Amino acid sequence: MATVKIEVIKGKELANRFRSAGKKVQSIIDKALYKAGLLVERSAKILVHVDTGRCRASITTRLTRDANAEVGTIVEYAPALEKRYPFLKPALDNNEMEIKRILHKGLSDAMRNSFKGFTKVF
């Protein structure tokens, strides 16, 4: 059986880096969330039923305070339009695998960037 040995280098420094990594990690994760939201936004704009284009033009992505990406529209008739000709839910569903890939890459990048140079793999 093959074994892999991982050695943590500078354990105290790593602990300090872990404590201070929060903002950097959050920034990278926020970028990944926003990118995933933009993917859903683009799809929703393709799927939405269009009469005047007002609803399509109003579809936007924003990050919320509780670390979520929110895609939606503020036009008053959007809920009825979504019920009759779904566009937001299918935009999310159709992109589920790519959203997971984007978020996984964001988390991986955040961890890799925060803890570079602290381990050796033998």
# chains A, B, ... in the order shown; residues from 1 in each chain; ligands from 1
call {"tool": "residues_around", "arguments": {"residues": "A:Val48", "least_positions_apart": "2", "cutoff": "9 Å", "atoms": "only C-alpha atoms", "output": "mmCIF file with N, CA and C atoms, in the first residue's frame"}}
result
data_model
loop_
_atom_site.group_PDB
_atom_site.id
_atom_site.type_symbol
_atom_site.label_atom_id
_atom_site.label_comp_id
_atom_site.auth_asym_id
_atom_site.auth_seq_id
_atom_site.Cartn_x
_atom_site.Cartn_y
_atom_site.Cartn_z
ATOM 1 N N SER A 43 -28.371 33.153 -18.271
ATOM 2 C CA SER A 43 -29.345 32.137 -18.691
ATOM 3 C C SER A 43 -30.775 32.635 -18.533
ATOM 4 N N ALA A 44 -31.052 33.308 -17.420
ATOM 5 C CA ALA A 44 -32.400 33.834 -17.187
ATOM 6 C C ALA A 44 -32.780 34.846 -18.261
ATOM 7 N N LYS A 45 -31.842 35.660 -18.679
ATOM 8 C CA LYS A 45 -32.111 36.661 -19.716
ATOM 9 C C LYS A 45 -32.394 36.009 -21.067
ATOM 10 N N ILE A 46 -31.837 34.840 -21.278
ATOM 11 C CA ILE A 46 -32.126 34.093 -22.512
ATOM 12 C C ILE A 46 -33.499 33.433 -22.429
ATOM 13 N N VAL A 50 -40.357 37.591 -23.472
ATOM 14 C CA VAL A 50 -40.158 39.023 -23.730
ATOM 15 C C VAL A 50 -41.323 39.607 -24.523
ATOM 16 N N CYS A 55 -38.491 43.394 -18.330
ATOM 17 C CA CYS A 55 -38.139 42.397 -17.331
ATOM 18 C C CYS A 55 -36.732 41.854 -17.588
ATOM 19 N N ARG A 56 -36.441 41.515 -18.822
ATOM 20 C CA ARG A 56 -35.114 40.989 -19.164
ATOM 21 C C ARG A 56 -34.027 41.988 -18.774
ATOM 22 N N LEU A 81 -44.975 36.352 -14.241
ATOM 23 C CA LEU A 81 -44.288 35.901 -15.451
ATOM 24 C C LEU A 81 -43.510 34.612 -15.179
ATOM 25 N N GLU A 82 -42.832 34.559 -14.025
ATOM 26 C CA GLU A 82 -42.077 33.348 -13.637
ATOM 27 C C GLU A 82 -43.019 32.159 -13.472
ATOM 28 N N TYR A 85 -44.271 31.490 -17.339
ATOM 29 C CA TYR A 85 -43.148 31.126 -18.227
ATOM 30 C C TYR A 85 -41.870 31.094 -17.398
ATOM 31 N N PRO A 86 -41.645 30.035 -16.664
ATOM 32 C CA PRO A 86 -40.474 29.992 -15.757
ATOM 33 C C PRO A 86 -39.163 30.335 -16.467
ATOM 34 N N PHE A 87 -38.376 31.189 -15.813
ATOM 35 C CA PHE A 87 -37.075 31.569 -16.360
ATOM 36 C C PHE A 87 -35.982 31.591 -15.300
ATOM 37 N N LEU A 88 -36.301 31.989 -14.073
ATOM 38 C CA LEU A 88 -35.282 32.037 -13.028
ATOM 39 C C LEU A 88 -34.920 30.637 -12.512
#
call {"tool": "closest_residue", "arguments": {"among": "A:Asn16, A:Leu33, A:Asn113, A:Leu103", "to": "A:Ala67", "atoms": "only C-alpha atoms"}}
result
A:Leu33
call {"tool": "select_by_dssp", "arguments": {"residues": "stretch 40-87 of chain A", "states": "alpha helix (DSSP H)", "output": "number ranges by chain"}}
result
A: 40-47, 54-58, 78-84
call {"tool": "write_last_selection", "arguments": {"atoms": "C-alpha atoms", "output": "PDB file, in the first residue's frame"}}
result
ATOM      1  CA  VAL A  40     -27.606  32.256 -13.866  1.00  0.00           C
ATOM      2  CA  GLU A  41     -28.381  35.861 -14.836  1.00  0.00           C
ATOM      3  CA  ARG A  42     -27.235  35.285 -18.427  1.00  0.00           C
ATOM      4  CA  SER A  43     -29.345  32.137 -18.691  1.00  0.00           C
ATOM      5  CA  ALA A  44     -32.400  33.834 -17.187  1.00  0.00           C
ATOM      6  CA  LYS A  45     -32.111  36.661 -19.716  1.00  0.00           C
ATOM      7  CA  ILE A  46     -32.126  34.093 -22.512  1.00  0.00           C
ATOM      8  CA  LEU A  47     -35.078  32.162 -21.069  1.00  0.00           C
ATOM      9  CA  ARG A  54     -38.257  45.536 -19.463  1.00  0.00           C
ATOM     10  CA  CYS A  55     -38.139  42.397 -17.331  1.00  0.00           C
ATOM     11  CA  ARG A  56     -35.114  40.989 -19.164  1.00  0.00           C
ATOM     12  CA  ALA A  57     -33.236  44.265 -18.773  1.00  0.00           C
ATOM     13  CA  SER A  58     -33.995  44.358 -15.052  1.00  0.00           C
ATOM     14  CA  ALA A  78     -42.019  39.199 -12.635  1.00  0.00           C
ATOM     15  CA  PRO A  79     -43.555  36.706 -10.148  1.00  0.00           C
ATOM     16  CA  ALA A  80     -46.565  36.176 -12.434  1.00  0.00           C
ATOM     17  CA  LEU A  81     -44.288  35.901 -15.451  1.00  0.00           C
ATOM     18  CA  GLU A  82     -42.077  33.348 -13.637  1.00  0.00           C
ATOM     19  CA  LYS A  83     -45.183  31.335 -12.757  1.00  0.00           C
ATOM     20  CA  ARG A  84     -46.476  31.321 -16.325  1.00  0.00           C
TER      21      ARG A  84
END
call {"tool": "closest_residue", "arguments": {"among": "A:Arg62, A:Glu13, A:Ala32, A:Arg19", "to": "A:Ala110", "atoms": "only C-alpha atoms"}}
result
A:Ala32
call {"tool": "atom_distance", "arguments": {"atom1": "atom CA of A:Ile102", "atom2": "atom CA of A:Lys35"}}
result
7.5 Å
call {"tool": "atom_distance", "arguments": {"atom1": "atom CA of A:Ile74", "atom2": "atom CA of A:Leu92"}}
result
17.9 Å
call {"tool": "select_by_dssp", "arguments": {"residues": "stretch 41-77 of chain A", "states": "strand (DSSP E)", "output": "VMD selection string"}}
result
chain A and resid 60 to 63 69 to 72
call {"tool": "write_last_selection", "arguments": {"atoms": "C-alpha atoms", "output": "tab-separated table (two decimals), in the first residue's frame"}}
result
chain	number	residue	atom	x	y	z
A	60	THR	CA	-29.46	41.49	-12.08
A	61	THR	CA	-27.04	39.70	-9.76
A	62	ARG	CA	-26.01	40.96	-6.34
A	63	LEU	CA	-24.18	39.61	-3.33
A	69	ALA	CA	-25.56	35.54	-4.70
A	70	GLU	CA	-29.07	36.67	-5.55
A	71	VAL	CA	-30.37	36.81	-9.11
A	72	GLY	CA	-33.69	38.47	-9.72
call {"tool": "closest_residue", "arguments": {"among": "A:Ser114, A:Thr52, A:Asn94, A:Thr73", "to": "A:Gln26", "atoms": "only C-alpha atoms"}}
result
A:Ser114
call {"tool": "atom_distance", "arguments": {"atom1": "atom CA of A:Ala91", "atom2": "atom CA of A:Leu39"}}
result
8.4 Å
call {"tool": "closest_residue", "arguments": {"among": "A:Ala21, A:Met111, A:Ala36, A:Ile59", "to": "A:Ile99", "atoms": "only C-alpha atoms"}}
result
A:Ala36
